[in-house]
Amino acid sequence: MEILIETERLVIREVIPEDIDGMFELESDALVHQYLGNQPIKTREESPGRIEFIRLQYIDHGIGRWAMIEKETNNFIGWTGFKFINETVNGHINYYDLGYRMIPKYWGKGYATEAAKACLDYGINQLKLNPIYGIAADDNSSSKNVLVKAGFTPAETFMHHGILHRWFNFQ
Ligand SMILES: CC(C)(COP(=O)(O)OP(=O)(O)OC[C@H]1O[C@@H](n2cnc3c(N)ncnc32)[C@H](O)[C@@H]1OP(=O)(O)O)[C@@H](O)C(=O)NCCC(=O)NCCS
């Protein structure tokens, strides 16, 4: 399997069908969805649909969210990376959104920030992605912290799917 990015503690690669259990652990957790405005999945049978949704991004746009693997355990810990946004969000369209979502037992270790920085380096220098933006629910301080630590600058707030969000410009 092709490794896209390797950091000190993580491997970042494509999401694959074999990620079914990790994806279920991630997408069924209510805490993960606290600020996302959608519902966690309830059964393992729904997990392949989440994987296919991401893999369709690779086919449609040549890029999509990637799996984060903890090197020490080889565990799937969440997803990160870029999604091509081809619908208007806060007046912007056709841009690359940097995002991340991790299983809660992996929070508080610096993994999301480590991954975000590595994705930006790879996205800018290897893939030449432009423009790159980020968004987070304005109440989601953990997510906003990751964006700031990765080099984004907070900008205006805007409503997105009925939730107040903060827009982040990259540099
Ligand atoms: C957003 C999310 C990924 C952030 O996770 P996180 O664990 O807070 O972020 P990081 O992995 O970068 O870890 C940062 C924390 O690890 C701590 N940390 C511990 N060891 C560390 C190390 N070796 N290096 C760096 N930071 C370390 C930092 O101090 C920081 O904690 P603090 O904020 O209390 O100071 C996580 O909350 C999540 O998955 N939420 C659900 C999905 C979601 O909301 N996604 C964003 C949608 S916009």
# chains A, B, ... in the order shown; residues from 1 in each chain; ligands from 1
>>> closest_atom_pairs(of="chain A", to="ligand 1", cutoff="6 Å", atoms="only C-alpha atoms and all ligand atoms", output="tab-separated table")
residue	atom	partner	partner_atom_place_in_ligand_line	distance
A:Val32	CA	ligand 1	41 (C)	3.9
A:Tyr35	CA	ligand 1	44 (O)	5.7
A:Tyr100	CA	ligand 1	45 (N)	5.2
A:Arg101	CA	ligand 1	39 (O)	3.7
A:Met102	CA	ligand 1	39 (O)	3.7
A:Trp107	CA	ligand 1	7 (O)	3.2
A:Gly108	CA	ligand 1	16 (O)	3.4
A:Lys109	CA	ligand 1	19 (C)	3.6
A:Gly110	CA	ligand 1	13 (O)	3.2
A:Tyr111	CA	ligand 1	11 (O)	3.7
A:Ala112	CA	ligand 1	11 (O)	3.6
A:Thr113	CA	ligand 1	12 (O)	3.7
A:Ile135	CA	ligand 1	48 (S)	5.7
A:Ala136	CA	ligand 1	48 (S)	3.8
A:Ser142	CA	ligand 1	8 (O)	4.5
A:Ser143	CA	ligand 1	1 (C)	3.8
A:Val146	CA	ligand 1	12 (O)	5.3
>>> residues_around(residues="Ile16 (chain A)", least_positions_apart="5", cutoff="9 Å", atoms="only C-alpha atoms", output="PyMOL selection string")
chain A and resi 51-52+55+67
>>> residues_around(residues="region 129-133 of chain A", least_positions_apart="4", cutoff="9 Å", atoms="only C-alpha atoms", output="number ranges by chain")
A: 82, 94-98, 120, 123-125, 152, 167-170
>>> write_last_selection(atoms="C-alpha atoms", output="PDB file, in the first residue's frame")
ATOM      1  CA  PHE A  82      -7.771  17.643   1.774  1.00  0.00           C
ATOM      2  CA  ASN A  94     -13.307  25.182  -5.922  1.00  0.00           C
ATOM      3  CA  TYR A  95     -10.812  25.126  -3.086  1.00  0.00           C
ATOM      4  CA  TYR A  96      -9.072  22.534  -0.906  1.00  0.00           C
ATOM      5  CA  ASP A  97     -10.365  22.173   2.648  1.00  0.00           C
ATOM      6  CA  LEU A  98      -7.942  20.782   5.235  1.00  0.00           C
ATOM      7  CA  LEU A 120       0.127  21.077   4.188  1.00  0.00           C
ATOM      8  CA  GLY A 123      -0.212  19.436  -0.450  1.00  0.00           C
ATOM      9  CA  ILE A 124       1.671  22.620  -1.238  1.00  0.00           C
ATOM     10  CA  ASN A 125       5.050  21.274  -2.320  1.00  0.00           C
ATOM     11  CA  PHE A 152      -3.921  29.175   9.358  1.00  0.00           C
ATOM     12  CA  TRP A 167     -13.324  30.710   8.310  1.00  0.00           C
ATOM     13  CA  PHE A 168      -9.529  30.219   8.237  1.00  0.00           C
ATOM     14  CA  ASN A 169      -7.207  31.546   5.564  1.00  0.00           C
ATOM     15  CA  PHE A 170      -3.926  29.780   4.974  1.00  0.00           C
TER      16      PHE A 170
END
>>> select_by_dssp(residues="chain A", states="strand (DSSP E or B)", output="JSON, numbers by chain")
{"A": [3, 4, 5, 6, 10, 11, 12, 13, 14, 65, 66, 67, 68, 69, 70, 75, 76, 77, 78, 79, 80, 81, 82, 83, 84, 85, 89, 92, 95, 96, 97, 98, 99, 100, 101, 102, 132, 133, 134, 135, 136, 137, 152, 153, 154, 155, 156, 157, 158, 159, 160, 163, 164, 165, 166, 167, 168, 169, 170]}
>>> write_last_selection(atoms="C-alpha atoms", output="PDB file, in the first residue's frame")
ATOM      1  CA  ILE A   3       2.342   5.626   1.960  1.00  0.00           C
ATOM      2  CA  LEU A   4       1.700   9.230   1.028  1.00  0.00           C
ATOM      3  CA  ILE A   5       3.251  10.883   4.048  1.00  0.00           C
ATOM      4  CA  GLU A   6       5.271   9.718   7.025  1.00  0.00           C
ATOM      5  CA  LEU A  10       2.088   8.698  11.909  1.00  0.00           C
ATOM      6  CA  VAL A  11       1.639   7.206   8.497  1.00  0.00           C
ATOM      7  CA  ILE A  12      -0.843   8.943   6.204  1.00  0.00           C
ATOM      8  CA  ARG A  13      -2.226   6.897   3.327  1.00  0.00           C
ATOM      9  CA  GLU A  14      -5.413   6.455   1.314  1.00  0.00           C
ATOM     10  CA  ARG A  65      -9.462  12.609   3.027  1.00  0.00           C
ATOM     11  CA  TRP A  66      -6.639  10.245   4.006  1.00  0.00           C
ATOM     12  CA  ALA A  67      -6.308   7.696   6.812  1.00  0.00           C
ATOM     13  CA  MET A  68      -4.104   8.459   9.806  1.00  0.00           C
ATOM     14  CA  ILE A  69      -2.258   5.394  11.106  1.00  0.00           C
ATOM     15  CA  GLU A  70      -0.412   5.353  14.431  1.00  0.00           C
ATOM     16  CA  ASN A  75      -3.999   1.387  14.336  1.00  0.00           C
ATOM     17  CA  PHE A  76      -6.343   3.500  12.211  1.00  0.00           C
ATOM     18  CA  ILE A  77      -6.833   6.571  14.391  1.00  0.00           C
ATOM     19  CA  GLY A  78      -8.879   8.838  12.120  1.00  0.00           C
ATOM     20  CA  TRP A  79      -8.753  10.765   8.890  1.00  0.00           C
ATOM     21  CA  THR A  80      -7.162  13.994   7.739  1.00  0.00           C
ATOM     22  CA  GLY A  81      -6.090  15.715   4.528  1.00  0.00           C
ATOM     23  CA  PHE A  82      -7.771  17.643   1.774  1.00  0.00           C
ATOM     24  CA  LYS A  83     -11.256  17.591   0.342  1.00  0.00           C
ATOM     25  CA  PHE A  84     -11.931  19.482  -2.878  1.00  0.00           C
ATOM     26  CA  ILE A  85     -14.944  21.714  -2.230  1.00  0.00           C
ATOM     27  CA  VAL A  89     -19.038  27.815   1.281  1.00  0.00           C
ATOM     28  CA  HIS A  92     -15.697  30.417  -1.814  1.00  0.00           C
ATOM     29  CA  TYR A  95     -10.812  25.126  -3.086  1.00  0.00           C
ATOM     30  CA  TYR A  96      -9.072  22.534  -0.906  1.00  0.00           C
ATOM     31  CA  ASP A  97     -10.365  22.173   2.648  1.00  0.00           C
ATOM     32  CA  LEU A  98      -7.942  20.782   5.235  1.00  0.00           C
ATOM     33  CA  GLY A  99      -9.784  18.671   7.813  1.00  0.00           C
ATOM     34  CA  TYR A 100      -9.306  15.971  10.446  1.00  0.00           C
ATOM     35  CA  ARG A 101     -11.366  13.701  12.620  1.00  0.00           C
ATOM     36  CA  MET A 102      -9.890  11.348  15.223  1.00  0.00           C
ATOM     37  CA  ILE A 132      -6.290  25.969   0.701  1.00  0.00           C
ATOM     38  CA  TYR A 133      -8.720  27.011   3.443  1.00  0.00           C
ATOM     39  CA  GLY A 134     -10.086  25.588   6.686  1.00  0.00           C
ATOM     40  CA  ILE A 135     -13.340  25.901   8.589  1.00  0.00           C
ATOM     41  CA  ALA A 136     -14.426  24.905  12.093  1.00  0.00           C
ATOM     42  CA  ALA A 137     -17.550  25.356  14.180  1.00  0.00           C
ATOM     43  CA  PHE A 152      -3.921  29.175   9.358  1.00  0.00           C
ATOM     44  CA  THR A 153      -5.238  32.618  10.261  1.00  0.00           C
ATOM     45  CA  PRO A 154      -8.735  32.971  11.736  1.00  0.00           C
ATOM     46  CA  ALA A 155     -11.052  35.235   9.729  1.00  0.00           C
ATOM     47  CA  GLU A 156     -14.791  35.944   9.746  1.00  0.00           C
ATOM     48  CA  THR A 157     -17.615  33.816  11.127  1.00  0.00           C
ATOM     49  CA  PHE A 158     -20.421  32.566   8.892  1.00  0.00           C
ATOM     50  CA  MET A 159     -23.393  30.228   9.116  1.00  0.00           C
ATOM     51  CA  HIS A 160     -22.888  26.751   7.658  1.00  0.00           C
ATOM     52  CA  ILE A 163     -24.082  26.286  12.808  1.00  0.00           C
ATOM     53  CA  LEU A 164     -21.856  29.319  13.380  1.00  0.00           C
ATOM     54  CA  HIS A 165     -18.469  28.559  11.796  1.00  0.00           C
ATOM     55  CA  ARG A 166     -15.141  30.342  11.639  1.00  0.00           C
ATOM     56  CA  TRP A 167     -13.324  30.710   8.310  1.00  0.00           C
ATOM     57  CA  PHE A 168      -9.529  30.219   8.237  1.00  0.00           C
ATOM     58  CA  ASN A 169      -7.207  31.546   5.564  1.00  0.00           C
ATOM     59  CA  PHE A 170      -3.926  29.780   4.974  1.00  0.00           C
TER      60      PHE A 170
END
>>> select_by_dssp(residues="region 44-97 of chain A", states="alpha helix (DSSP H)", output="PDB file with N, CA and C atoms, in the first residue's frame")
ATOM      1  N   SER A  47     -20.352   1.386   7.956  1.00  0.00           N
ATOM      2  CA  SER A  47     -18.974   1.860   7.837  1.00  0.00           C
ATOM      3  C   SER A  47     -18.451   1.828   6.383  1.00  0.00           C
ATOM      4  N   PRO A  48     -18.698   0.761   5.607  1.00  0.00           N
ATOM      5  CA  PRO A  48     -18.202   0.771   4.214  1.00  0.00           C
ATOM      6  C   PRO A  48     -18.723   1.960   3.412  1.00  0.00           C
ATOM      7  N   GLY A  49     -19.927   2.420   3.720  1.00  0.00           N
ATOM      8  CA  GLY A  49     -20.476   3.577   3.010  1.00  0.00           C
ATOM      9  C   GLY A  49     -19.641   4.824   3.248  1.00  0.00           C
ATOM     10  N   ARG A  50     -19.141   4.973   4.479  1.00  0.00           N
ATOM     11  CA  ARG A  50     -18.283   6.121   4.787  1.00  0.00           C
ATOM     12  C   ARG A  50     -16.961   6.027   4.031  1.00  0.00           C
ATOM     13  N   ILE A  51     -16.456   4.802   3.943  1.00  0.00           N
ATOM     14  CA  ILE A  51     -15.187   4.586   3.227  1.00  0.00           C
ATOM     15  C   ILE A  51     -15.379   4.865   1.737  1.00  0.00           C
ATOM     16  N   GLU A  52     -16.479   4.359   1.183  1.00  0.00           N
ATOM     17  CA  GLU A  52     -16.758   4.596  -0.245  1.00  0.00           C
ATOM     18  C   GLU A  52     -16.936   6.087  -0.528  1.00  0.00           C
ATOM     19  N   PHE A  53     -17.587   6.793   0.384  1.00  0.00           N
ATOM     20  CA  PHE A  53     -17.795   8.234   0.221  1.00  0.00           C
ATOM     21  C   PHE A  53     -16.446   8.945   0.062  1.00  0.00           C
ATOM     22  N   ILE A  54     -15.471   8.545   0.882  1.00  0.00           N
ATOM     23  CA  ILE A  54     -14.135   9.154   0.785  1.00  0.00           C
ATOM     24  C   ILE A  54     -13.438   8.706  -0.497  1.00  0.00           C
ATOM     25  N   ARG A  55     -13.526   7.420  -0.813  1.00  0.00           N
ATOM     26  CA  ARG A  55     -12.814   6.918  -1.998  1.00  0.00           C
ATOM     27  C   ARG A  55     -13.377   7.507  -3.290  1.00  0.00           C
ATOM     28  N   LEU A  56     -14.653   7.867  -3.253  1.00  0.00           N
ATOM     29  CA  LEU A  56     -15.259   8.525  -4.417  1.00  0.00           C
ATOM     30  C   LEU A  56     -14.610   9.897  -4.653  1.00  0.00           C
ATOM     31  N   GLN A  57     -14.186  10.542  -3.571  1.00  0.00           N
ATOM     32  CA  GLN A  57     -13.487  11.832  -3.717  1.00  0.00           C
ATOM     33  C   GLN A  57     -12.198  11.637  -4.522  1.00  0.00           C
ATOM     34  N   TYR A  58     -11.494  10.504  -4.292  1.00  0.00           N
ATOM     35  CA  TYR A  58     -10.247  10.244  -5.039  1.00  0.00           C
ATOM     36  C   TYR A  58     -10.557  10.137  -6.527  1.00  0.00           C
ATOM     37  N   ILE A  59     -11.660   9.461  -6.839  1.00  0.00           N
ATOM     38  CA  ILE A  59     -12.028   9.243  -8.250  1.00  0.00           C
ATOM     39  C   ILE A  59     -12.504  10.553  -8.880  1.00  0.00           C
ATOM     40  N   ASP A  60     -13.367  11.265  -8.167  1.00  0.00           N
ATOM     41  CA  ASP A  60     -13.962  12.475  -8.745  1.00  0.00           C
ATOM     42  C   ASP A  60     -12.968  13.633  -8.851  1.00  0.00           C
ATOM     43  N   HIS A  61     -12.092  13.764  -7.863  1.00  0.00           N
ATOM     44  CA  HIS A  61     -11.253  14.966  -7.794  1.00  0.00           C
ATOM     45  C   HIS A  61      -9.754  14.666  -7.684  1.00  0.00           C
TER      46      HIS A  61
END
>>> atom_distance(atom1="CA of Gly22 (chain A)", atom2="CA of Ser141 (chain A)")
24.6 Å
>>> residues_around(residues="Glu45 (chain A)", least_positions_apart="6", cutoff="12 Å", atoms="only C-alpha atoms", output="JSON, numbers by chain")
{"A": [20, 21, 23, 24, 27, 28, 51]}
>>> closest_residue(among="A:Ile63, A:Thr88, A:Pro104, A:Glu18", to="His33 (chain A)", atoms="only C-alpha atoms")
A:Pro104
>>> residues_around(residues="region 148-151 of chain A", least_positions_apart="3", cutoff="7 Å", atoms="only C-alpha atoms", output="JSON, numbers by chain")
{"A": [113, 116, 117, 144, 145, 170, 171]}
>>> residues_around(residues="His161 (chain A)", least_positions_apart="4", cutoff="10 Å", atoms="only C-alpha atoms", output="PyMOL selection string")
chain A and resi 36-38+165
>>> closest_residue(among="A:Leu127, A:Leu147, A:Thr73, A:Asp139", to="Gln34 (chain A)", atoms="only C-alpha atoms")
A:Asp139
>>> decode(residues="region 119-164 of chain A", atoms="N, CA and C atoms", output="PDB file, in the first residue's frame")
ATOM      1  N   CYS A 119       0.454  17.327   6.046  1.00  0.00           N
ATOM      2  CA  CYS A 119      -0.435  17.386   4.866  1.00  0.00           C
ATOM      3  C   CYS A 119      -0.227  18.695   4.115  1.00  0.00           C
ATOM      4  N   LEU A 120      -0.075  19.784   4.844  1.00  0.00           N
ATOM      5  CA  LEU A 120       0.127  21.077   4.188  1.00  0.00           C
ATOM      6  C   LEU A 120       1.431  21.085   3.402  1.00  0.00           C
ATOM      7  N   ASP A 121       2.471  20.555   4.003  1.00  0.00           N
ATOM      8  CA  ASP A 121       3.763  20.503   3.321  1.00  0.00           C
ATOM      9  C   ASP A 121       3.636  19.679   2.028  1.00  0.00           C
ATOM     10  N   TYR A 122       3.006  18.522   2.140  1.00  0.00           N
ATOM     11  CA  TYR A 122       2.834  17.642   0.975  1.00  0.00           C
ATOM     12  C   TYR A 122       1.886  18.271  -0.051  1.00  0.00           C
ATOM     13  N   GLY A 123       0.790  18.845   0.443  1.00  0.00           N
ATOM     14  CA  GLY A 123      -0.212  19.436  -0.450  1.00  0.00           C
ATOM     15  C   GLY A 123       0.339  20.621  -1.231  1.00  0.00           C
ATOM     16  N   ILE A 124       1.144  21.416  -0.574  1.00  0.00           N
ATOM     17  CA  ILE A 124       1.671  22.620  -1.238  1.00  0.00           C
ATOM     18  C   ILE A 124       2.863  22.269  -2.132  1.00  0.00           C
ATOM     19  N   ASN A 125       3.800  21.487  -1.582  1.00  0.00           N
ATOM     20  CA  ASN A 125       5.050  21.274  -2.320  1.00  0.00           C
ATOM     21  C   ASN A 125       4.991  20.141  -3.345  1.00  0.00           C
ATOM     22  N   GLN A 126       4.226  19.094  -3.039  1.00  0.00           N
ATOM     23  CA  GLN A 126       4.147  17.966  -3.991  1.00  0.00           C
ATOM     24  C   GLN A 126       2.953  18.110  -4.933  1.00  0.00           C
ATOM     25  N   LEU A 127       1.791  18.438  -4.352  1.00  0.00           N
ATOM     26  CA  LEU A 127       0.559  18.436  -5.154  1.00  0.00           C
ATOM     27  C   LEU A 127       0.208  19.812  -5.707  1.00  0.00           C
ATOM     28  N   LYS A 128       0.889  20.842  -5.209  1.00  0.00           N
ATOM     29  CA  LYS A 128       0.663  22.224  -5.681  1.00  0.00           C
ATOM     30  C   LYS A 128      -0.795  22.651  -5.514  1.00  0.00           C
ATOM     31  N   LEU A 129      -1.402  22.288  -4.404  1.00  0.00           N
ATOM     32  CA  LEU A 129      -2.807  22.624  -4.169  1.00  0.00           C
ATOM     33  C   LEU A 129      -2.954  24.116  -3.879  1.00  0.00           C
ATOM     34  N   ASN A 130      -3.978  24.711  -4.481  1.00  0.00           N
ATOM     35  CA  ASN A 130      -4.200  26.138  -4.298  1.00  0.00           C
ATOM     36  C   ASN A 130      -5.601  26.489  -4.810  1.00  0.00           C
ATOM     37  N   PRO A 131      -6.406  27.235  -4.033  1.00  0.00           N
ATOM     38  CA  PRO A 131      -6.138  27.705  -2.681  1.00  0.00           C
ATOM     39  C   PRO A 131      -6.537  26.661  -1.632  1.00  0.00           C
ATOM     40  N   ILE A 132      -5.987  26.833  -0.435  1.00  0.00           N
ATOM     41  CA  ILE A 132      -6.290  25.969   0.701  1.00  0.00           C
ATOM     42  C   ILE A 132      -6.946  26.830   1.778  1.00  0.00           C
ATOM     43  N   TYR A 133      -8.047  26.325   2.325  1.00  0.00           N
ATOM     44  CA  TYR A 133      -8.720  27.011   3.443  1.00  0.00           C
ATOM     45  C   TYR A 133      -9.104  25.982   4.499  1.00  0.00           C
ATOM     46  N   GLY A 134      -9.556  26.467   5.650  1.00  0.00           N
ATOM     47  CA  GLY A 134     -10.086  25.588   6.686  1.00  0.00           C
ATOM     48  C   GLY A 134     -11.321  26.216   7.293  1.00  0.00           C
ATOM     49  N   ILE A 135     -12.203  25.376   7.824  1.00  0.00           N
ATOM     50  CA  ILE A 135     -13.340  25.901   8.589  1.00  0.00           C
ATOM     51  C   ILE A 135     -13.501  25.048   9.846  1.00  0.00           C
ATOM     52  N   ALA A 136     -14.102  25.654  10.873  1.00  0.00           N
ATOM     53  CA  ALA A 136     -14.426  24.905  12.093  1.00  0.00           C
ATOM     54  C   ALA A 136     -15.634  25.569  12.739  1.00  0.00           C
ATOM     55  N   ALA A 137     -16.475  24.765  13.380  1.00  0.00           N
ATOM     56  CA  ALA A 137     -17.550  25.356  14.180  1.00  0.00           C
ATOM     57  C   ALA A 137     -16.893  26.305  15.182  1.00  0.00           C
ATOM     58  N   ASP A 138     -17.485  27.480  15.370  1.00  0.00           N
ATOM     59  CA  ASP A 138     -16.799  28.477  16.204  1.00  0.00           C
ATOM     60  C   ASP A 138     -16.657  28.012  17.661  1.00  0.00           C
ATOM     61  N   ASP A 139     -17.513  27.078  18.089  1.00  0.00           N
ATOM     62  CA  ASP A 139     -17.406  26.531  19.454  1.00  0.00           C
ATOM     63  C   ASP A 139     -16.356  25.418  19.564  1.00  0.00           C
ATOM     64  N   ASN A 140     -15.864  24.955  18.419  1.00  0.00           N
ATOM     65  CA  ASN A 140     -14.957  23.807  18.421  1.00  0.00           C
ATOM     66  C   ASN A 140     -13.515  24.279  18.602  1.00  0.00           C
ATOM     67  N   SER A 141     -13.181  24.628  19.850  1.00  0.00           N
ATOM     68  CA  SER A 141     -11.874  25.251  20.082  1.00  0.00           C
ATOM     69  C   SER A 141     -10.719  24.299  19.775  1.00  0.00           C
ATOM     70  N   SER A 142     -10.893  22.989  19.994  1.00  0.00           N
ATOM     71  CA  SER A 142      -9.799  22.046  19.694  1.00  0.00           C
ATOM     72  C   SER A 142      -9.459  22.080  18.213  1.00  0.00           C
ATOM     73  N   SER A 143     -10.508  22.105  17.381  1.00  0.00           N
ATOM     74  CA  SER A 143     -10.276  22.119  15.946  1.00  0.00           C
ATOM     75  C   SER A 143      -9.647  23.444  15.510  1.00  0.00           C
ATOM     76  N   LYS A 144     -10.140  24.539  16.060  1.00  0.00           N
ATOM     77  CA  LYS A 144      -9.574  25.852  15.701  1.00  0.00           C
ATOM     78  C   LYS A 144      -8.098  25.920  16.110  1.00  0.00           C
ATOM     79  N   ASN A 145      -7.773  25.329  17.276  1.00  0.00           N
ATOM     80  CA  ASN A 145      -6.371  25.322  17.728  1.00  0.00           C
ATOM     81  C   ASN A 145      -5.471  24.603  16.740  1.00  0.00           C
ATOM     82  N   VAL A 146      -5.965  23.486  16.203  1.00  0.00           N
ATOM     83  CA  VAL A 146      -5.150  22.724  15.247  1.00  0.00           C
ATOM     84  C   VAL A 146      -4.860  23.581  14.020  1.00  0.00           C
ATOM     85  N   LEU A 147      -5.898  24.249  13.503  1.00  0.00           N
ATOM     86  CA  LEU A 147      -5.708  25.077  12.306  1.00  0.00           C
ATOM     87  C   LEU A 147      -4.694  26.192  12.569  1.00  0.00           C
ATOM     88  N   VAL A 148      -4.807  26.821  13.714  1.00  0.00           N
ATOM     89  CA  VAL A 148      -3.882  27.923  14.026  1.00  0.00           C
ATOM     90  C   VAL A 148      -2.449  27.383  14.164  1.00  0.00           C
ATOM     91  N   LYS A 149      -2.305  26.252  14.879  1.00  0.00           N
ATOM     92  CA  LYS A 149      -0.955  25.689  15.065  1.00  0.00           C
ATOM     93  C   LYS A 149      -0.346  25.245  13.734  1.00  0.00           C
ATOM     94  N   ALA A 150      -1.238  24.899  12.777  1.00  0.00           N
ATOM     95  CA  ALA A 150      -0.742  24.463  11.460  1.00  0.00           C
ATOM     96  C   ALA A 150      -0.437  25.639  10.535  1.00  0.00           C
ATOM     97  N   GLY A 151      -0.772  26.861  10.978  1.00  0.00           N
ATOM     98  CA  GLY A 151      -0.387  28.037  10.186  1.00  0.00           C
ATOM     99  C   GLY A 151      -1.532  28.799   9.549  1.00  0.00           C
ATOM    100  N   PHE A 152      -2.771  28.442   9.895  1.00  0.00           N
ATOM    101  CA  PHE A 152      -3.921  29.175   9.358  1.00  0.00           C
ATOM    102  C   PHE A 152      -4.192  30.432  10.203  1.00  0.00           C
ATOM    103  N   THR A 153      -4.879  31.374   9.576  1.00  0.00           N
ATOM    104  CA  THR A 153      -5.238  32.618  10.261  1.00  0.00           C
ATOM    105  C   THR A 153      -6.759  32.707  10.370  1.00  0.00           C
ATOM    106  N   PRO A 154      -7.281  32.870  11.596  1.00  0.00           N
ATOM    107  CA  PRO A 154      -8.735  32.971  11.736  1.00  0.00           C
ATOM    108  C   PRO A 154      -9.276  34.225  11.066  1.00  0.00           C
ATOM    109  N   ALA A 155     -10.413  34.087  10.391  1.00  0.00           N
ATOM    110  CA  ALA A 155     -11.052  35.235   9.729  1.00  0.00           C
ATOM    111  C   ALA A 155     -12.488  35.342  10.234  1.00  0.00           C
ATOM    112  N   GLU A 156     -13.419  35.657   9.334  1.00  0.00           N
ATOM    113  CA  GLU A 156     -14.791  35.944   9.746  1.00  0.00           C
ATOM    114  C   GLU A 156     -15.562  34.684  10.169  1.00  0.00           C
ATOM    115  N   THR A 157     -16.683  34.909  10.861  1.00  0.00           N
ATOM    116  CA  THR A 157     -17.615  33.816  11.127  1.00  0.00           C
ATOM    117  C   THR A 157     -18.698  33.832  10.059  1.00  0.00           C
ATOM    118  N   PHE A 158     -19.339  32.697   9.865  1.00  0.00           N
ATOM    119  CA  PHE A 158     -20.421  32.566   8.892  1.00  0.00           C
ATOM    120  C   PHE A 158     -21.277  31.374   9.292  1.00  0.00           C
ATOM    121  N   MET A 159     -22.502  31.349   8.815  1.00  0.00           N
ATOM    122  CA  MET A 159     -23.393  30.228   9.116  1.00  0.00           C
ATOM    123  C   MET A 159     -23.194  29.128   8.081  1.00  0.00           C
ATOM    124  N   HIS A 160     -23.082  27.896   8.558  1.00  0.00           N
ATOM    125  CA  HIS A 160     -22.888  26.751   7.658  1.00  0.00           C
ATOM    126  C   HIS A 160     -23.722  25.600   8.211  1.00  0.00           C
ATOM    127  N   HIS A 161     -24.692  25.157   7.416  1.00  0.00           N
ATOM    128  CA  HIS A 161     -25.630  24.115   7.867  1.00  0.00           C
ATOM    129  C   HIS A 161     -26.226  24.452   9.237  1.00  0.00           C
ATOM    130  N   GLY A 162     -26.562  25.727   9.426  1.00  0.00           N
ATOM    131  CA  GLY A 162     -27.246  26.154  10.653  1.00  0.00           C
ATOM    132  C   GLY A 162     -26.340  26.308  11.861  1.00  0.00           C
ATOM    133  N   ILE A 163     -25.018  26.178  11.677  1.00  0.00           N
ATOM    134  CA  ILE A 163     -24.082  26.286  12.808  1.00  0.00           C
ATOM    135  C   ILE A 163     -23.105  27.428  12.524  1.00  0.00           C
ATOM    136  N   LEU A 164     -22.817  28.223  13.553  1.00  0.00           N
ATOM    137  CA  LEU A 164     -21.856  29.319  13.380  1.00  0.00           C
ATOM    138  C   LEU A 164     -20.445  28.743  13.218  1.00  0.00           C
TER     139      LEU A 164
END
